[in-house]
Structures are given as structure tokens and as C-alpha cells.
Amino acid sequence: MWQNAVVLPALTVRKEWQFFAVLPKADGKLAFLWWAVLLLRGILPSLFAIAMGVLVNALQMGQPLGGWLVFAGATFILLQVLGPIHQSLSANLGDRTAAWLYDRLTAACVRPPGMAHLEDPALTSDLTVARDFDLGMTGPPLSISMDFIASGIVEMIGGVVAALILAVYSWWMAILLTGAWLATHWLLRESGIWRDRNTEEVRAAQRDADYAYRLAVDPPASKELRLFGLAQWTLDRFISRRTHLHDLQYEATKLRERPVLWSMLLVAGANVLVFWMLATAAAGGTIGLGQAVVYVQSAIGVSMIAFGGFSWALDGAAAPVAAVLRLEPAMRRAGALPSGHRPAESLPSQEIRFRDVTFAYPGAPPVLDHFDLTIPAGTSLAIVGQNGAGKTTLAKLLCRLYDPQAGAIEIDGVDVREFDLAGWRNRVTAIFQDFIRLELPLRDNVSPLSGSDDVVVSALEAAGASQLASLDTILARGYTGGTDLSGGQWQRVALARAIAAVSRGAGVVLLDEPTAQLDVRGEAEIFDRLLAATRHCTTILISHRFSTVRQADRICVLENGRAVELGTHDELMGLNGRYRTMFDLQAQRFHVPEEEGGTYETLA
Amino acid sequence: MKLSPEPQSALGPLPPALSSMWRLCKLGYGHEPGLMITSLVLSQLSALPDALLALWLMLLGQGVVQHRPTLVHGSAIGLGLSAAGTWFLRTVSTRVQRRFRDKVTIALESHVARLQASIGTLTHQEHPEFIDRLSMLRNQVFVLDHMYMSLFSTLGWILRLAITMALLASVHPALLLLLVFAIPTMWTSSWRPAVERIAQEKGAQTGRLARHLFATATTAGPGKDVRVAGIGDHLLVERRKAWERWYTPIAAARSGSALWHALAWAIFGTAYVGAVVFVTWGIKAPAAQVLLVLAAGARLSAYIGATVGEIGFLRGFWMDGSRRLAWLEDYAASIARSGDLKVPAALNHGIRLDGVSFAYPGTSRQVLQDISLTLPAGAVVAIVGENGAGKTTLVKLLSKLYEPSSGAIFLDETPLARVPAEQWRARLAGAFQDFFRFEFSARYTVGLGDVPRLEDEQPVTAAIDRAGAADVVARFSSGLDTQLGSTWPNGVELSFGQWQKLALARGFMRDDPLLLILDEPTAALDAETEHALFERYAAAARHRANGRITILVSHRFSTVRMADLIVVLDGSRLAEFGTHERLMAQRGPYLELYGIQAASYR
């Protein structure tokens, strides 16, 4: 976990400078104050030592004390007062810096138009570091570590100022002591920080341990954790990985006897020599009591150099800064998609066409393989097929979350890449299986950007969700007045979001299993309503439920990345092919004796 | 689930501070006695040379004034050794402490994780108040091991303080009064951390919102919607706004603290100046003694500041963690009323619900009301009802994830309430609609359904076959050893449906469950898979020798009608139950629901 060593690494390490360069960007005024107070705190102890010397000297000589007393008092009081003030500056600056980094990271994640940057394994480790650094998982949050960082620098400055004062008396003493104390940093550098902590072995142990820990304590896995009695297994896994991790760390950073001994000899030798010389000078009357007091205290003050420097906390604080700064350009590249300039308004007016489209996710076999499909504008198309057949991928391509490796998607004969990307996405609305669930009021979930309450209310009505909650109710527990929705209720909210998008002008509607979690009454009713609300749209529906699928104008059966059957429900049933097989399988359990059949005819 | 306007708090107060800290100390001593003692001793030893600096300085002053070269040299060497000794002891003691902490951290983290994971019920995972209280322990276990360090250094500072006070008293006893002027600093540092903590707690919701929006913006899953709906920049702005709402009061509280602390220290500083004046003019002490007062006084303020700061830290941060831990220990102990009865080896009659009602802790809305019903041994039971009718809640009660608010559940004649939760769950199996995506190797992801047989190839393959997930695994390049989850090295990402099949396979790992729960496990599966699956398990599940009951929660009546017993829930009450034929004949809510769906296939 956290490390306690104080280190003075080579000043060429860029990570640390990146960190300090970020501070004024996060909050210029605060950063300036922080540095100013920091400098003052470094200088004041030496100033006070001088005040003491002068005061004692004046006392010994019988000189008037008043002025010096005021000087010493003022220095002393300032010294006391600056501590707590700096602490609060540090905490606030730390928080603001974390917020700035989170802002930058959020922007880096949401700005690229594509998706690849969020899924690229090469960026995952930086993303994890940058995403979780302020949670206190791998080190203190910045609001706390800033104070540690400040203390380290204050001591270093204090030591250097003390050395400068000592140099007034004797330059060689100052150099000797500074050198001895600096040498401790160098001699103990091995045990200072853990340099090899970025090896794959360390990272794997860290990741495994964190994952096991999250599994044990976080809510999402809690049900299955209990059902299957996984607590002990998870804990054992956690403990073994954690222990391994600590053993690695301990081996890498433990104190070696020899360097400690050398450091001790060097430090003790230098100090005894310097103090002996000072004592000789004081005893021989070369320097007065006042001077002796100042120089002796300065000689002690130089030892702050050993304690000060770049704190261990800086290492943890600088890592996310470096990660965010690295991620920005990398994500921009990975998530880039070309955007054209053609306006996409009121398109498609004729058709959407997949022309010879081939697409594969990185490092995987193609999901779509020379895929051809034409969807006339204003009609509805249902896509059925086995899991992993590429149904969802089709929807993602149409939203232009990715571009195909070969072939093209054409809107009225024009490659979709030629359109203005934002303009095209305005034309599209989609409900994915794992649709977004915002911990925000119902209103924002239906219409995240804006829109009058009328639009929201009528969309909710169309989705059969008008009784769900008030528009201002936050849709998550853990917020005042917040409420938790069931899976089916969430699905209605997602439907309402799509309907609201249509009423704002979207013309292409993608529904990926839109009613999977709805109850029977809901499904039948909602689907009718949905089709009514999206009547003029080009609708693409992905579903396993044939009761839903059959209502589409046309149905496409997807298999092995190609469209194997295409036509209306009746046509495909007549074809006696894949569709027929699948439909019959699901419907056969409804083939009930005649007398019962009559009963629900009237109910439907 | 709506919280009632005035939810009765389900949480008790936190246990008292001192006893919590004492418990934590015992815990640490229990795990690492040797390292803990060594850390304590070294941290106290390293306090000594530093506190003696003022004494050496006075002796040096005396030596110079009285022209005693031996004294001058002796005290100078004392100074040199003090400086070196401070460094040496601090360095060594830091390392020993770190070693202690590293070791004790593992013990503490696993202790905390064990407590949370082994609490049988789910309230602490689902109730917002519980979540708030535990979030610190969940995410910041380090606050606990820092408490030890904080405690050691507090003792070290107090030791330094005592030495310094003794030195001052040797000049004049009245100087002890300086401590009185330190009282305001002690007061502000006990009062202000509490104020800051209240501000932090008040901000918990906005903090959580900011975090949620951040996670939404930076993860791949929601990324699709974020792009299609074009709300990326909106999330960015809203996150910052939520953060500012969280930050502003906290920053204000901190600035307030800074002012109060500064004021308190100014008072002490003034008193110190007064002390110097008193020594110089009041008692006309010799220069060496004035030097002692100057040096010791300055040290005094540093020590008071450090003591007070450390105690503030201890109170404001570390101690709070130990209180939460003590609370969690107490809570876990209160839940773990170990059952005194055994789970029957087989069910002869079935599971009987007797007047079962339930409301989630801290809420007043009854999710289930007065349910009385027998699930016959060996039967396949379907539970249907509209969303929010309490189907999943009923399943949670049957798996003992919650206890009924009133009424009771019996396994044959054994009350479920008196059976140990782990024992009962060892006889359960199943899959849920909100299954968890265990990102391990495919073998573990499935095998975790029956941990003792985790490493065995055969049962894992069998479970995969039962769930019809063989096609999912067949696609993996390294077969069962393929790492799942795209964020892992060489990890493979699965579609929702593929995850669901593996969750189902996990649910089928146990060979001999008394109760198999299938809570909408096939919502994302295609027709053929679903069909094959239900045919298979419907045939296999019935009339087992042990009387296994299969519970199926579903919206699909095509599946539901295969059940031996269908339970219809309507608005938290039991509307009707019986076989498909009987319910059809009853012309109640079941017939209505069934008709709507069947009609669409005709």
C-alpha cells in the first residue's frame, strides 16, 4: 500500500514536473498561494533561529530587547499560524487538482466520436490508474497527499536555508553537512521507492487482489456470492495475491544493513566534526553566544534535508497526472472516426443499405462477412438470429460507433462516412440491451439534454410508464427521494427515451431486445404503442420474441455474418426455412386445444 | 421501492470511540504481536534525542557564558549525536512500522472483506444508509492501519511534550502555564474535524452523483448511448456541477477550520512571547536559561501542534474508521444468529410459506403481503406477475437473503429461520436476471457455481452442456482457460447473451440442489437455445429422489405453462395458483395475461 519513504529522485524525472505544472492549471490562485506559503514556511524557522541568537546576544550584552522581542514574537506567531492555513490550502488544492484531472479524463473519454479508445486493452492500465486514483485505493486521495507533499518540500527548503546561513560562517561546514545529509537519500535510494512495481507480475497480483476484494465487498456480486458460498474462496484468493504483492514489495524496498551503516557513520561523523569546530570557536571566543546559537541551530536545521524532499506521496500523486496526459492523445487517436460534411437532415428518404460490409472487432474473427441488406426508408425490419450472430454489431455500425473494415453503409446511396457525424447521430436513436441508466431524475433519463416536460410526459405515456414516478424523482436508491426501478420499469424508461428522441426528429430507430424484461401485458401493449409512435421512422428491431418480430414489415435472419433469409413473416413461414423452424419452436407451446383457443381470442 | 417520507433508521449509532480503538489494537496485536511491539518501542525511542536538543542548547549557552570549554564541547557533541540519532531512529522505526502496517493491512482488509461477504443477508448491500456507512470501509481500509501509526506517533509526541515541559519547569514552574494557552488549539482541533466530517457526509450524495456521471462517461458499456444520444459534453458539465456542489461546502468548512486554528495558535504564540518576556524581565534569568525557554518553547509549540494535529487526525479520520469497523463487527455478529436446526437431506412435502409478508428494511411499503402457499416437493413451480409484483423478492426470501418481516417459511417442518444460511444455500442453485459477470477464466466463471469442484473438468463441462453454452466455449481460443472480460490481459469480451448462458451454466453446477432458482435467466437467449434448455431441465428436474423444487420466474407463458404449479402474484398479494389448465379454467388474471401473449403467435 502506501510507502513511507522520503526520496529525492533525479530532478530530471518528468512525471513530478508534470504534476507541479498541472497545479496552476487546476486553480491558478490557489496554486500561487500554496507555493507562497510553502516558501515562507521553509524560511521562517531559520529566521526564528536568527531572532533567538540576536535576542540572547542582546541579553548577554545588556542591550535593549524590545525590538528584537517583537521580531522574534512575530516570526514565531507567523510560524504557528501558517501551518493550519497551509493545510487547508493543500486539501483544497488537492481536491481541485483531482477534479481538473477528472474533467480532462472525462473529456478525453467522451470527446472521441468512436468507441475503440474505451475498449483498447493497451489503454486499460492507464485508464484504471487515472480513473481510480482519488478513491484512496492505492494511496491517499490528493486532498490528503498534497499536505504530505508540502511537508516534504517545506523541510527541504528549511534545510537549504539553514545551510545557507551556516555558509555565512563557514562554507565548508555547510557543504559537508549538506553533502552528508544528501548522501542518505542516495545511500538509501534502493529502499526508498519501489521501482519495479510496474512489472507484469506485480500488476497482475494487484489486479487480481483488487478484483477479489471488490467481489467480496461490493453489491453487484452480492447475491451470487451468497448463493454459491463464494466468500471463503474469494477471500483466499485475495489474501494469497495480496501477500505475494507485499512480499515482492518488501524484498524490493527493505533496508539493507550496509547502506544504513554507511549513512549512519557519515552523518554522525560530519555532525560531530562540525559541532566540535563550532564548540571550539565558541569556547575560544571567536564567535559570541548569539552567533553560536544561530550557527548551531542552523547546523541542526540542515538535517531537514534528510527528511525533506519529494515525498512518497508525490509518486502516487504524479502517476495519475502522467496517465491522464498520456491518455489524452492516445484516446484521441484510438477513438477517432472521420466525419464528413454532408447534412443528414431528414435522411434516409429512400433506403439504408449495407453494401458488402465486413467487420471484425480487434483480434477476433469477422462478425459480419460480406454482408448485404437493404432497408427501405420508413419501414420496419426485424433481425433474428442466434447469440453472437452479429445483430447488435449491425446496430452499432449503423450508429457509426465503429466503421466497417470493408464495404460501406449507404444512406440514400451515399456512404454514411460522408455525412456530418453529429448530424447523422441526431437522426438515430437506439436502445441497446445494456442501455444507460442514469442516476438522475426521471426527466433527464427520458430526455437527457433538454426538452419540454410535454415531450417527456407524452413519451412516458407512450411507453406505458406515466405512473412510474414523478419527473423529479431520481432513479436510484441512495439519493434523497430516490427510487429503484425494476428491470422492466427501466426498459420502459429506455423506450420513452427513444420515443422522445423520435419526437425531436430522429428518423432511424434501433431496438435491441426492447421488451425482453417487460411482462406479457406490457410487451403486447408497448409494442403496439411503439410502432405507432415510430410509424414514419425506419425501425430496426432485434428480438428473440417472435410474437414481437412478426409485427415488423420485413424480417431478416442473420447467420454466420450474412443475411440468410429476408421477407415478410408470411413469406418466411412459406419458405419453410430457418425462420419457420425457430418460430415453430417458440410457438408450439401455445398450440392449445380448440376449446381453449376460443377463450382468449375474445380477450386479445 | 420508494422510501417512506420518514424512514425509520435501520442503523444503530456507531459504537464508542475508545472501545473501538481498543478492539482494533487487540486485532492488530493478535495478528502481528512482535512487529506491533517493536514499532511502538522504536517510535517512542525516536522521540528522545529530538526532545533533548533544547537541553544541549542550554548547556552550550552555560558553557560559553561560564567559559567552560568541556561543557561547550560536550554539549556540542550531544547536539551532533542528537541530530544523527534522530535520523537513524526515525529511519529504522519508519521501516519497521511500514512492515507492520503492510502485514496488518492484509489481515485487516481480509477481515473487513470477510465480515461483509459473510453477512448472510443483503440489507447492507442494498440499503442506502448502510451503503453510506460502509463505503469508507469498502474503499479505504487503509484508514484502519493508519490508526496504529497515528496512535504510536501520538504517544511519541506526548512523550516529547512531557520532556519539554519538564525542562521548562526547571527554569520556573509558572512556565507550565503555557500549556493552558494551548487549550484553544486543542479545542479547535477536536471541534473542526467534526465540522468538516459533517460537511463531507452531507456531500455524500452529490459526491456519489459526480462519481456515477464520471463512471458513465469513462466506461465502454454506457459509451454507446452517450454517443448516440450525444450527451458526452452534457455529462462533462453535469459532473463538474455535481462536483462543485460537493466541493463548495467542504472547502468552506476547511477554510473556516484554517481560520479558527490560526486564531488559536496566535493565542499560544502570544503567550509564548509573554513567557519569554517573563523570564527575561520578570525573573531576570541568565542568558542560558532564556535560551532554554526560547528553544524549548519553540519545540513545545511544534510538539503541541503535532500532538493536537495527530489527535485531530486520529479523531477525524482514523478513529472514525475503527468505529465503523466495530459497528460492522457488531452488525455481522447480530445477523449471524447461527441456526440450530439442520437442513433436511431431502424434501418430502415441500416448502411451505405461512403468512409471509415483507417490506425492505427502512421502508414501509409491503412488497409481499400475507403469502400462504406450499411448493410441493419434486415440482417445477412458475412464478408470474407483472413487474414489481414481488417475484424477485419472493426468491430472495426463499434463498434466505432476507428474513420475512412476518410469517415464516418451512422446509418440510423445519423453519427456514432456524437453519444456518450457508447450509441452506449450499443446497441451492440457480441463475438470476441480474447475474454477475465473473471475469475469471471460463472454467472459474462457471465452476464457481460449486466451489469444491471448481478445478474438475468434468462437472464444469457437464454444467456448460446443461445450459446449452457449449457453443460459447467452443468459440474460445484457449477453451475453458480463456480469460473473460476485455479489460484483462488476453481477455475476451462476451455479448450479453453469452454471459447469460455462462451464468446459467454456473447455476447448473451443483448436482444435488434442493431448490433450483431460475429468475428470468433466458431473457436474452434465442428461441432454439431457450427451447432446448427448458425441455432438458424440465425433464431432468421433476421427481428427483431428493424432492428438488425448481422455481422459474418468467414472463414467457410458453415456458410457464410447462410448470406443475403456477403462482400468480398481483400487487404484492397471491392472486391465484394451480396448474395451467386449472388457472385457464378459473378465468382469472392468469388467463388474461396468457391470452395476450398467445394471441400474438396465432
# chains A, B, ... in the order shown; residues from 1 in each chain; ligands from 1

$ select_by_dssp --residues "stretch 357-514 of chain B" --states "helix (DSSP H, G or I)" --output "PyMOL selection string"
chain B and resi 391-398+416-418+421-425+442-453+457-466+470-474+479-481+496-507

$ residues_around --residues "A:Pro45" --least-positions-apart "5" --cutoff "9 Å" --atoms "only C-alpha atoms" --output "number ranges by chain"
A: 50, 75-76, 79, 158, 162, 301

$ write_last_selection --atoms "N, CA and C atoms" --output "short mmCIF file (atom, residue, chain, number, x, y, z; two decimals), in the first residue's frame"
data_model
loop_
_atom_site.label_atom_id
_atom_site.label_comp_id
_atom_site.auth_asym_id
_atom_site.auth_seq_id
_atom_site.Cartn_x
_atom_site.Cartn_y
_atom_site.Cartn_z
N ILE A 50 17.70 32.95 13.90
CA ILE A 50 18.46 34.21 13.94
C ILE A 50 17.93 35.11 15.05
N THR A 75 7.80 36.48 14.25
CA THR A 75 8.23 35.31 13.47
C THR A 75 7.59 34.05 14.02
N PHE A 76 7.63 33.94 15.35
CA PHE A 76 7.11 32.75 15.99
C PHE A 76 5.61 32.58 15.71
N LEU A 79 4.91 31.59 12.25
CA LEU A 79 5.28 30.19 12.06
C LEU A 79 4.13 29.27 12.50
N GLY A 158 13.67 24.38 4.19
CA GLY A 158 14.19 24.73 5.51
C GLY A 158 15.64 24.31 5.66
N ALA A 162 18.86 26.79 6.05
CA ALA A 162 19.76 26.64 7.20
C ALA A 162 21.20 26.49 6.74
N GLY A 301 19.51 22.46 11.70
CA GLY A 301 18.47 22.65 10.68
C GLY A 301 18.80 21.97 9.36
#

$ residues_around --residues "stretch 358-364 of chain A" --least-positions-apart "6" --cutoff "8 Å" --atoms "only C-alpha atoms" --output "ChimeraX atom specification"
/A:370-371,403-407
